[in-house]
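With compact mmCIF, N, CA and C atoms and all ligand atoms inside, this is protein.txt:
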```
# COMPACT_ATOMS: atom_id res chain seq x y z
N MET A 1 -24.72 0.58 -38.60
CA MET A 1 -25.12 0.83 -37.21
C MET A 1 -24.08 0.24 -36.27
N LEU A 2 -22.82 0.49 -36.52
CA LEU A 2 -21.80 -0.09 -35.65
C LEU A 2 -21.53 0.78 -34.44
N ALA A 3 -21.90 2.05 -34.55
CA ALA A 3 -21.54 2.96 -33.47
C ALA A 3 -22.56 2.92 -32.34
N VAL A 4 -22.93 1.75 -31.96
CA VAL A 4 -23.82 1.62 -30.82
C VAL A 4 -23.01 1.91 -29.56
N ALA A 5 -23.73 2.22 -28.54
CA ALA A 5 -23.07 2.66 -27.30
C ALA A 5 -21.96 1.71 -26.85
N MET A 6 -20.78 2.04 -27.25
CA MET A 6 -19.62 1.27 -26.81
C MET A 6 -18.89 2.09 -25.75
N PHE A 7 -19.14 1.77 -24.55
CA PHE A 7 -18.49 2.54 -23.49
C PHE A 7 -17.05 2.08 -23.30
N VAL A 8 -16.21 3.03 -23.17
CA VAL A 8 -14.81 2.72 -22.95
C VAL A 8 -14.65 2.13 -21.56
N PHE A 9 -13.99 1.03 -21.53
CA PHE A 9 -13.85 0.31 -20.27
C PHE A 9 -12.80 0.91 -19.36
N ALA A 10 -11.61 0.95 -19.84
CA ALA A 10 -10.50 1.26 -18.94
C ALA A 10 -10.26 2.75 -18.84
N ALA A 11 -11.34 3.51 -18.67
CA ALA A 11 -11.19 4.95 -18.65
C ALA A 11 -10.26 5.39 -17.54
N TRP A 12 -10.35 4.75 -16.38
CA TRP A 12 -9.55 5.19 -15.26
C TRP A 12 -8.63 4.10 -14.77
N GLY A 13 -8.45 3.11 -15.61
CA GLY A 13 -7.53 2.05 -15.22
C GLY A 13 -8.10 1.09 -14.23
N CYS A 14 -9.38 1.24 -13.93
CA CYS A 14 -9.97 0.36 -12.93
C CYS A 14 -11.17 -0.36 -13.48
N GLY A 15 -11.22 -0.54 -14.78
CA GLY A 15 -12.34 -1.25 -15.37
C GLY A 15 -12.35 -2.69 -14.93
N GLY A 16 -13.47 -3.33 -15.13
CA GLY A 16 -13.55 -4.71 -14.71
C GLY A 16 -12.92 -5.62 -15.74
N ASN A 17 -11.65 -5.81 -15.65
CA ASN A 17 -11.06 -6.83 -16.50
C ASN A 17 -11.20 -8.16 -15.79
N GLY A 18 -11.56 -9.15 -16.49
CA GLY A 18 -12.07 -10.37 -15.85
C GLY A 18 -11.09 -11.16 -15.03
N SER A 19 -9.99 -10.57 -14.65
CA SER A 19 -9.04 -11.34 -13.87
C SER A 19 -9.50 -11.41 -12.42
N SER A 20 -9.90 -12.56 -12.01
CA SER A 20 -10.39 -12.71 -10.65
C SER A 20 -9.29 -13.29 -9.79
N SER A 21 -8.39 -12.44 -9.39
CA SER A 21 -7.23 -12.92 -8.65
C SER A 21 -7.23 -12.40 -7.22
N ILE A 22 -8.42 -12.16 -6.72
CA ILE A 22 -8.48 -11.68 -5.33
C ILE A 22 -8.33 -12.89 -4.40
N PRO A 23 -7.30 -12.86 -3.59
CA PRO A 23 -7.10 -14.01 -2.69
C PRO A 23 -8.22 -14.11 -1.67
N SER A 24 -8.70 -15.30 -1.46
CA SER A 24 -9.82 -15.47 -0.54
C SER A 24 -9.34 -15.53 0.90
N THR A 25 -8.15 -16.02 1.10
CA THR A 25 -7.64 -16.09 2.44
C THR A 25 -6.52 -15.07 2.61
N PRO A 26 -6.67 -14.17 3.57
CA PRO A 26 -5.61 -13.18 3.77
C PRO A 26 -4.33 -13.86 4.23
N SER A 27 -3.27 -13.55 3.55
CA SER A 27 -2.02 -14.17 3.92
C SER A 27 -1.37 -13.40 5.06
N THR A 28 -0.57 -14.06 5.78
CA THR A 28 0.10 -13.42 6.90
C THR A 28 1.03 -12.33 6.39
N PRO A 29 0.87 -11.13 6.89
CA PRO A 29 1.78 -10.09 6.42
C PRO A 29 3.21 -10.37 6.82
N SER A 30 4.09 -9.79 6.12
CA SER A 30 5.52 -9.72 6.43
C SER A 30 6.29 -10.98 6.07
N SER A 31 5.64 -12.05 5.66
CA SER A 31 6.47 -13.18 5.31
C SER A 31 6.05 -13.83 4.01
N SER A 32 5.08 -13.25 3.29
CA SER A 32 4.75 -13.79 1.98
C SER A 32 5.59 -13.09 0.93
N SER A 33 6.41 -13.83 0.27
CA SER A 33 7.31 -13.34 -0.77
C SER A 33 8.24 -12.27 -0.25
N GLY A 34 8.48 -12.28 1.05
CA GLY A 34 9.49 -11.41 1.61
C GLY A 34 9.10 -9.95 1.73
N ALA A 35 7.91 -9.59 1.31
CA ALA A 35 7.52 -8.18 1.37
C ALA A 35 6.52 -7.98 2.50
N VAL A 36 6.64 -6.85 3.16
CA VAL A 36 5.67 -6.48 4.17
C VAL A 36 4.46 -5.86 3.47
N THR A 37 3.28 -6.34 3.82
CA THR A 37 2.07 -5.82 3.22
C THR A 37 1.38 -4.87 4.19
N VAL A 38 1.12 -3.66 3.72
CA VAL A 38 0.35 -2.70 4.50
C VAL A 38 -1.02 -2.59 3.87
N THR A 39 -2.05 -2.79 4.68
CA THR A 39 -3.41 -2.75 4.17
C THR A 39 -3.95 -1.33 4.22
N ILE A 40 -4.51 -0.89 3.11
CA ILE A 40 -5.16 0.42 3.04
C ILE A 40 -6.59 0.27 3.54
N MET A 41 -6.91 0.94 4.64
CA MET A 41 -8.20 0.76 5.29
C MET A 41 -9.24 1.78 4.82
N GLY A 42 -8.78 2.94 4.35
CA GLY A 42 -9.71 3.99 3.96
C GLY A 42 -9.23 5.32 4.50
N GLN A 43 -10.09 6.32 4.40
CA GLN A 43 -9.69 7.65 4.85
C GLN A 43 -9.93 7.79 6.34
N ARG A 44 -8.99 7.36 7.12
CA ARG A 44 -9.16 7.34 8.57
C ARG A 44 -7.95 7.97 9.27
N ASN A 45 -7.40 8.98 8.69
CA ASN A 45 -6.25 9.67 9.29
C ASN A 45 -5.14 8.67 9.60
N ASP A 46 -4.68 8.65 10.86
CA ASP A 46 -3.56 7.74 11.14
C ASP A 46 -4.02 6.29 11.27
N GLN A 47 -5.31 6.04 11.12
CA GLN A 47 -5.81 4.68 11.06
C GLN A 47 -6.04 4.22 9.62
N SER A 48 -5.57 5.00 8.68
CA SER A 48 -5.83 4.68 7.27
C SER A 48 -5.09 3.44 6.80
N PHE A 49 -4.00 3.14 7.50
CA PHE A 49 -3.16 2.04 7.07
C PHE A 49 -2.93 1.08 8.23
N SER A 50 -2.81 -0.17 7.90
CA SER A 50 -2.57 -1.17 8.94
C SER A 50 -1.51 -2.16 8.46
N PRO A 51 -0.44 -2.40 9.18
CA PRO A 51 -0.14 -1.70 10.45
C PRO A 51 0.43 -0.33 10.19
N ASN A 52 0.30 0.53 11.18
CA ASN A 52 0.87 1.87 11.11
C ASN A 52 1.40 2.28 12.47
N PRO A 53 2.66 2.59 12.61
CA PRO A 53 3.69 2.52 11.57
C PRO A 53 3.99 1.08 11.15
N ALA A 54 4.41 0.94 9.93
CA ALA A 54 4.73 -0.38 9.41
C ALA A 54 6.15 -0.75 9.81
N PRO A 55 6.30 -1.88 10.46
CA PRO A 55 7.65 -2.31 10.81
C PRO A 55 8.34 -2.90 9.59
N LEU A 56 9.45 -2.31 9.23
CA LEU A 56 10.12 -2.76 8.01
C LEU A 56 11.62 -2.59 8.17
N ALA A 57 12.33 -3.65 7.90
CA ALA A 57 13.78 -3.57 7.97
C ALA A 57 14.32 -2.82 6.77
N GLN A 58 15.36 -2.08 7.00
CA GLN A 58 15.99 -1.36 5.90
C GLN A 58 16.43 -2.34 4.83
N GLY A 59 16.10 -2.04 3.59
CA GLY A 59 16.42 -2.93 2.49
C GLY A 59 15.32 -3.91 2.16
N SER A 60 14.26 -3.92 2.97
CA SER A 60 13.16 -4.84 2.71
C SER A 60 12.14 -4.21 1.79
N LEU A 61 11.24 -5.06 1.32
CA LEU A 61 10.21 -4.62 0.40
C LEU A 61 8.90 -4.38 1.15
N ILE A 62 8.16 -3.40 0.67
CA ILE A 62 6.85 -3.11 1.24
C ILE A 62 5.88 -2.91 0.09
N VAL A 63 4.67 -3.43 0.25
CA VAL A 63 3.62 -3.22 -0.74
C VAL A 63 2.36 -2.77 0.00
N TRP A 64 1.50 -2.08 -0.73
CA TRP A 64 0.25 -1.63 -0.15
C TRP A 64 -0.90 -2.36 -0.84
N GLN A 65 -1.78 -2.92 -0.02
CA GLN A 65 -2.95 -3.63 -0.51
C GLN A 65 -4.17 -2.75 -0.27
N ASN A 66 -4.86 -2.40 -1.34
CA ASN A 66 -6.02 -1.52 -1.21
C ASN A 66 -7.27 -2.32 -0.88
N ASN A 67 -7.65 -2.30 0.38
CA ASN A 67 -8.87 -2.99 0.80
C ASN A 67 -10.06 -2.04 0.89
N ASP A 68 -9.87 -0.81 0.42
CA ASP A 68 -10.95 0.16 0.41
C ASP A 68 -11.69 0.05 -0.92
N THR A 69 -12.73 0.87 -1.06
CA THR A 69 -13.55 0.80 -2.27
C THR A 69 -13.26 1.94 -3.24
N THR A 70 -12.26 2.75 -2.92
CA THR A 70 -11.88 3.82 -3.83
C THR A 70 -10.39 3.75 -4.13
N ILE A 71 -10.00 4.47 -5.15
CA ILE A 71 -8.61 4.48 -5.57
C ILE A 71 -7.77 5.27 -4.58
N HIS A 72 -6.61 4.75 -4.27
CA HIS A 72 -5.66 5.49 -3.45
C HIS A 72 -4.31 5.47 -4.14
N ARG A 73 -3.45 6.37 -3.66
CA ARG A 73 -2.14 6.50 -4.30
C ARG A 73 -1.12 6.85 -3.23
N ILE A 74 -0.21 5.92 -3.00
CA ILE A 74 0.75 6.08 -1.93
C ILE A 74 1.97 6.85 -2.44
N VAL A 75 2.32 7.89 -1.72
CA VAL A 75 3.50 8.69 -2.07
C VAL A 75 4.30 8.92 -0.79
N MET A 76 5.59 8.65 -0.88
CA MET A 76 6.45 8.97 0.26
C MET A 76 6.56 10.49 0.38
N ASN A 77 6.59 10.96 1.61
CA ASN A 77 6.65 12.41 1.81
C ASN A 77 7.91 13.01 1.20
N ASP A 78 8.98 12.23 1.15
CA ASP A 78 10.21 12.76 0.56
C ASP A 78 10.27 12.55 -0.95
N GLY A 79 9.20 12.02 -1.51
CA GLY A 79 9.13 11.86 -2.95
C GLY A 79 9.89 10.66 -3.49
N SER A 80 10.35 9.78 -2.60
CA SER A 80 11.18 8.67 -3.07
C SER A 80 10.36 7.54 -3.68
N PHE A 81 9.05 7.59 -3.50
CA PHE A 81 8.22 6.51 -4.04
C PHE A 81 6.86 7.08 -4.39
N ASP A 82 6.32 6.59 -5.50
CA ASP A 82 4.97 6.95 -5.92
C ASP A 82 4.34 5.70 -6.49
N SER A 83 3.31 5.21 -5.82
CA SER A 83 2.72 3.93 -6.22
C SER A 83 1.90 4.06 -7.49
N GLY A 84 1.50 5.28 -7.83
CA GLY A 84 0.49 5.40 -8.86
C GLY A 84 -0.85 5.01 -8.28
N ASN A 85 -1.89 5.10 -9.07
CA ASN A 85 -3.21 4.78 -8.56
C ASN A 85 -3.31 3.29 -8.25
N ILE A 86 -3.80 2.99 -7.05
CA ILE A 86 -4.05 1.61 -6.66
C ILE A 86 -5.55 1.41 -6.65
N CYS A 87 -6.02 0.57 -7.52
CA CYS A 87 -7.45 0.34 -7.63
C CYS A 87 -7.96 -0.45 -6.43
N PRO A 88 -9.27 -0.34 -6.15
CA PRO A 88 -9.84 -1.14 -5.07
C PRO A 88 -9.54 -2.62 -5.26
N GLY A 89 -9.03 -3.24 -4.22
CA GLY A 89 -8.71 -4.65 -4.28
C GLY A 89 -7.36 -4.96 -4.88
N ALA A 90 -6.68 -3.95 -5.37
CA ALA A 90 -5.39 -4.19 -6.02
C ALA A 90 -4.24 -3.94 -5.05
N MET A 91 -3.08 -4.32 -5.52
CA MET A 91 -1.87 -4.17 -4.71
C MET A 91 -0.91 -3.25 -5.44
N SER A 92 -0.22 -2.44 -4.70
CA SER A 92 0.73 -1.52 -5.31
C SER A 92 1.96 -2.28 -5.77
N SER A 93 2.79 -1.59 -6.52
CA SER A 93 4.11 -2.14 -6.77
C SER A 93 4.89 -2.07 -5.47
N SER A 94 5.95 -2.82 -5.41
CA SER A 94 6.69 -2.88 -4.16
C SER A 94 7.75 -1.79 -4.11
N MET A 95 7.99 -1.34 -2.90
CA MET A 95 9.02 -0.35 -2.68
C MET A 95 10.07 -0.95 -1.76
N ARG A 96 11.34 -0.77 -2.12
CA ARG A 96 12.40 -1.24 -1.25
C ARG A 96 12.85 -0.08 -0.36
N LEU A 97 12.80 -0.31 0.92
CA LEU A 97 13.13 0.76 1.86
C LEU A 97 14.63 0.98 1.89
N SER A 98 15.06 2.14 1.45
CA SER A 98 16.49 2.42 1.39
C SER A 98 16.96 3.23 2.58
N SER A 99 16.02 3.70 3.39
CA SER A 99 16.40 4.50 4.55
C SER A 99 15.95 3.78 5.81
N SER A 100 15.98 4.47 6.91
CA SER A 100 15.54 3.86 8.17
C SER A 100 14.05 4.04 8.38
N GLY A 101 13.36 4.56 7.40
CA GLY A 101 11.92 4.73 7.53
C GLY A 101 11.49 6.07 6.98
N GLY A 102 10.24 6.37 7.18
CA GLY A 102 9.76 7.65 6.68
C GLY A 102 8.25 7.69 6.72
N SER A 103 7.73 8.85 6.40
CA SER A 103 6.29 9.02 6.38
C SER A 103 5.79 9.04 4.94
N TYR A 104 4.56 8.63 4.81
CA TYR A 104 3.94 8.64 3.49
C TYR A 104 2.50 9.10 3.64
N HIS A 105 1.88 9.35 2.51
CA HIS A 105 0.48 9.77 2.53
C HIS A 105 -0.17 9.34 1.23
N CYS A 106 -1.48 9.53 1.19
CA CYS A 106 -2.21 9.27 -0.05
C CYS A 106 -2.25 10.56 -0.85
N ALA A 107 -1.80 10.50 -2.10
CA ALA A 107 -1.76 11.71 -2.91
C ALA A 107 -3.16 12.19 -3.27
N ILE A 108 -4.14 11.30 -3.18
CA ILE A 108 -5.51 11.68 -3.51
C ILE A 108 -6.22 12.24 -2.29
N HIS A 109 -5.88 11.72 -1.12
CA HIS A 109 -6.49 12.19 0.13
C HIS A 109 -5.39 12.57 1.12
N PRO A 110 -4.61 13.58 0.80
CA PRO A 110 -3.41 13.87 1.61
C PRO A 110 -3.71 14.32 3.03
N THR A 111 -4.89 14.87 3.26
CA THR A 111 -5.17 15.37 4.61
C THR A 111 -5.84 14.33 5.48
N THR A 112 -6.32 13.26 4.90
CA THR A 112 -7.04 12.27 5.71
C THR A 112 -6.38 10.90 5.69
N MET A 113 -5.29 10.76 4.96
CA MET A 113 -4.63 9.46 4.90
C MET A 113 -3.13 9.64 4.99
N PHE A 114 -2.58 9.19 6.10
CA PHE A 114 -1.13 9.28 6.24
C PHE A 114 -0.64 8.16 7.15
N GLY A 115 0.57 7.79 6.95
CA GLY A 115 1.15 6.72 7.75
C GLY A 115 2.66 6.82 7.70
N SER A 116 3.29 5.84 8.31
CA SER A 116 4.75 5.89 8.34
C SER A 116 5.33 4.48 8.36
N ILE A 117 6.59 4.43 8.00
CA ILE A 117 7.37 3.20 8.04
C ILE A 117 8.49 3.43 9.05
N ASN A 118 8.68 2.47 9.92
CA ASN A 118 9.62 2.70 10.99
C ASN A 118 10.40 1.44 11.30
N THR A 119 11.68 1.50 11.09
CA THR A 119 12.50 0.33 11.40
C THR A 119 12.61 0.12 12.90
N ALA A 120 12.35 1.17 13.68
CA ALA A 120 12.50 1.05 15.13
C ALA A 120 11.39 0.22 15.76
N THR A 121 10.30 -0.01 15.03
CA THR A 121 9.21 -0.80 15.58
C THR A 121 9.45 -2.29 15.40
N LEU A 122 10.53 -2.64 14.72
CA LEU A 122 10.85 -4.05 14.57
C LEU A 122 11.35 -4.62 15.89
N PRO A 123 11.11 -5.87 16.14
CA PRO A 123 11.73 -6.48 17.31
C PRO A 123 13.24 -6.45 17.12
N PRO A 124 13.95 -6.26 18.21
CA PRO A 124 15.42 -6.17 18.09
C PRO A 124 16.00 -7.45 17.52
N THR A 125 16.89 -7.28 16.60
CA THR A 125 17.51 -8.46 15.98
C THR A 125 18.58 -9.01 16.90
N ASP A 126 18.57 -10.29 17.03
CA ASP A 126 19.56 -10.94 17.86
C ASP A 126 20.93 -10.83 17.20
N PRO A 127 21.86 -10.20 17.85
CA PRO A 127 23.18 -10.03 17.20
C PRO A 127 23.94 -11.34 17.09
N GLY A 128 23.39 -12.40 17.61
CA GLY A 128 24.09 -13.66 17.51
C GLY A 128 24.74 -14.00 18.84
N THR A 129 24.32 -15.07 19.39
CA THR A 129 24.88 -15.44 20.68
C THR A 129 26.20 -16.17 20.49
N GLY A 130 27.10 -15.91 21.39
CA GLY A 130 28.43 -16.46 21.22
C GLY A 130 28.58 -17.84 21.79
N TYR A 131 28.06 -18.80 21.05
CA TYR A 131 28.22 -20.17 21.52
C TYR A 131 29.60 -20.69 21.13
CU CU B 1 -6.57 7.85 -0.66
```
Using C-alpha cells, write down the structure that the file contains.
Ligand SMILES: [Cu+2]
Amino acid sequence: MLAVAMFVFAAWGCGGNGSSSIPSTPSTPSSSSGAVTVTIMGQRNDQSFSPNPAPLAQGSLIVWQNNDTTIHRIVMNDGSFDSGNICPGAMSSSMRLSSSGGSYHCAIHPTTMFGSINTATLPPTDPGTGY
C-alpha cells in the first residue's frame, strides 16, 4: 500500500518548499546590493509595476520582486530578457541594462501588465565640479 495519494509538490515550480526567506522589512530600493528593485503590484496596466518607469542607469542591475499572489513573467519587449516564471513572493533573476532603457511586459498577462525602464528618469549626474 505504498501508492497512497502522493501529490507532486513542485508541479509548477511554486510548491511550498520550506524556505522561509521572505524579508519582513522592505529594503530601500535601488541601493541594496546595487540592483534596482521593481515591485510587481498585480494586473494594473501601467500601475502593475512600481516604480514605473523604473529609473535605472545603463549598465546597472534590475530585479523584479513579485508582491502579487499569482505567477508573473517579465519579458523585455525587444526580447533581450526573460525572467521566467516568478512565483508569488519571489524575486526574478537580475537583468543588466545594456541600453538606455526599454519597455517590458508580463508574458502571462501581456495586455494588463506593462512597464518601462528609463535612464532619463534618473536625477542628472553631477559631471564633477571643477574645484
Ligand atoms: Cu503577470
I'd like the interatomic distance between CA of Pro127 in chain A and CA of Ser99 in chain A, to a tenth of an Å.
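Separating CA of Pro127 in chain A from CA of Ser99 in chain A is a distance of 20.4 Å.
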From the set A:Pro88, A:Pro110, A:Gly59, A:Pro124, which residue has the shortest atom-to-atom contact distance to ligand CU 1 (chain B), counting all atoms listed in the file?
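Closest candidate: A:Pro110.
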All strand (DSSP E) residues (DSSP, backbone) inside range 43-124 of chain A, as number ranges by chain:
A: 49-50, 54-55, 61-66, 72-76, 82-86, 95-96, 101-106, 114-118
Grab me every residue within 5 Å of ligand CU 1 (chain B), counting all atoms listed in the file, and send it over as a VMD selection string.
chain A and resid 71 to 73 106 108 to 109
Just the residues within 10 Å of Ser94 in chain A, please, counting only C-alpha atoms, with nothing from its chain fewer than 3 positions along; format it as number ranges by chain.
A: 35-37, 60-64, 81, 83, 91, 97
Can those selected residues be exported to a file as an mmCIF file, in the frame of the given file so that it contains N, CA and C atoms?
```cif
data_model
loop_
_atom_site.group_PDB
_atom_site.id
_atom_site.type_symbol
_atom_site.label_atom_id
_atom_site.label_comp_id
_atom_site.auth_asym_id
_atom_site.auth_seq_id
_atom_site.Cartn_x
_atom_site.Cartn_y
_atom_site.Cartn_z
ATOM 1 N N ALA A 35 7.910 -9.590 1.310
ATOM 2 C CA ALA A 35 7.520 -8.180 1.370
ATOM 3 C C ALA A 35 6.520 -7.980 2.500
ATOM 4 N N VAL A 36 6.640 -6.850 3.160
ATOM 5 C CA VAL A 36 5.670 -6.480 4.170
ATOM 6 C C VAL A 36 4.460 -5.860 3.470
ATOM 7 N N THR A 37 3.280 -6.340 3.820
ATOM 8 C CA THR A 37 2.070 -5.820 3.220
ATOM 9 C C THR A 37 1.380 -4.870 4.190
ATOM 10 N N SER A 60 14.260 -3.920 2.970
ATOM 11 C CA SER A 60 13.160 -4.840 2.710
ATOM 12 C C SER A 60 12.140 -4.210 1.790
ATOM 13 N N LEU A 61 11.240 -5.060 1.320
ATOM 14 C CA LEU A 61 10.210 -4.620 0.400
ATOM 15 C C LEU A 61 8.900 -4.380 1.150
ATOM 16 N N ILE A 62 8.160 -3.400 0.670
ATOM 17 C CA ILE A 62 6.850 -3.110 1.240
ATOM 18 C C ILE A 62 5.880 -2.910 0.090
ATOM 19 N N VAL A 63 4.670 -3.430 0.250
ATOM 20 C CA VAL A 63 3.620 -3.220 -0.740
ATOM 21 C C VAL A 63 2.360 -2.770 0.000
ATOM 22 N N TRP A 64 1.500 -2.080 -0.730
ATOM 23 C CA TRP A 64 0.250 -1.630 -0.150
ATOM 24 C C TRP A 64 -0.900 -2.360 -0.840
ATOM 25 N N PHE A 81 9.050 7.590 -3.500
ATOM 26 C CA PHE A 81 8.220 6.510 -4.040
ATOM 27 C C PHE A 81 6.860 7.080 -4.390
ATOM 28 N N SER A 83 3.310 5.210 -5.820
ATOM 29 C CA SER A 83 2.720 3.930 -6.220
ATOM 30 C C SER A 83 1.900 4.060 -7.490
ATOM 31 N N MET A 91 -3.080 -4.320 -5.520
ATOM 32 C CA MET A 91 -1.870 -4.170 -4.710
ATOM 33 C C MET A 91 -0.910 -3.250 -5.440
ATOM 34 N N LEU A 97 12.800 -0.310 0.920
ATOM 35 C CA LEU A 97 13.130 0.760 1.860
ATOM 36 C C LEU A 97 14.630 0.980 1.890
#
```
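Around Pro53 in chain A, within 6.5 Å and counting all atoms listed in the file, the residues found are Gly115, Ser116, Ile117 and Asn118 of chain A, once anything fewer than 5 positions away on its own chain is removed.
Counting all atoms listed in the file and comparing A:Pro55, A:Gly84, A:Gly79, A:Gly89, the residue that lies closest to Ala120 in chain A is A:Pro55.
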A:Ser50, A:Leu56, A:Ser103, A:Arg96 ranked by distance to Pro123 in chain A, top pick (using all atoms listed in the file)
A:Leu56
At a cut-off of 6 Å, using only C-alpha atoms, what residues contact Val75 in chain A? Leave out same-chain residues fewer than 5 positions from it and give the result as a PyMOL selection string.
chain A and resi 81-82+104-105
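Picture a line from atom C of Ile74 in chain A to atom N of Leu122 in chain A; it runs 21.4 Å.
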Name all residues at most 7 Å from Phe49 in chain A (count only C-alpha atoms; drop same-chain ones fewer than 6 positions away) and give them as a list in words.
Val38, Thr39, Ile40, Met41 and Gly115 of chain A
Point-to-point distance from CA of Ala54 in chain A to CA of Gly128 in chain A, Å rounded to tenths
24.8 Å
Compare A:Gln47, A:Asn77, A:Thr121, A:Ser92 by their minimum atom-to-atom distance to Gln65 in chain A, counting all atoms listed in the file, and give me the closest one.
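Checking each candidate against Gln65 in chain A, we get A:Ser92 as the closest.
Closest to Asn45 in chain A among A:Ser100, A:Thr129, A:Thr112, A:Thr119 is A:Thr112, based on all atoms listed in the file.
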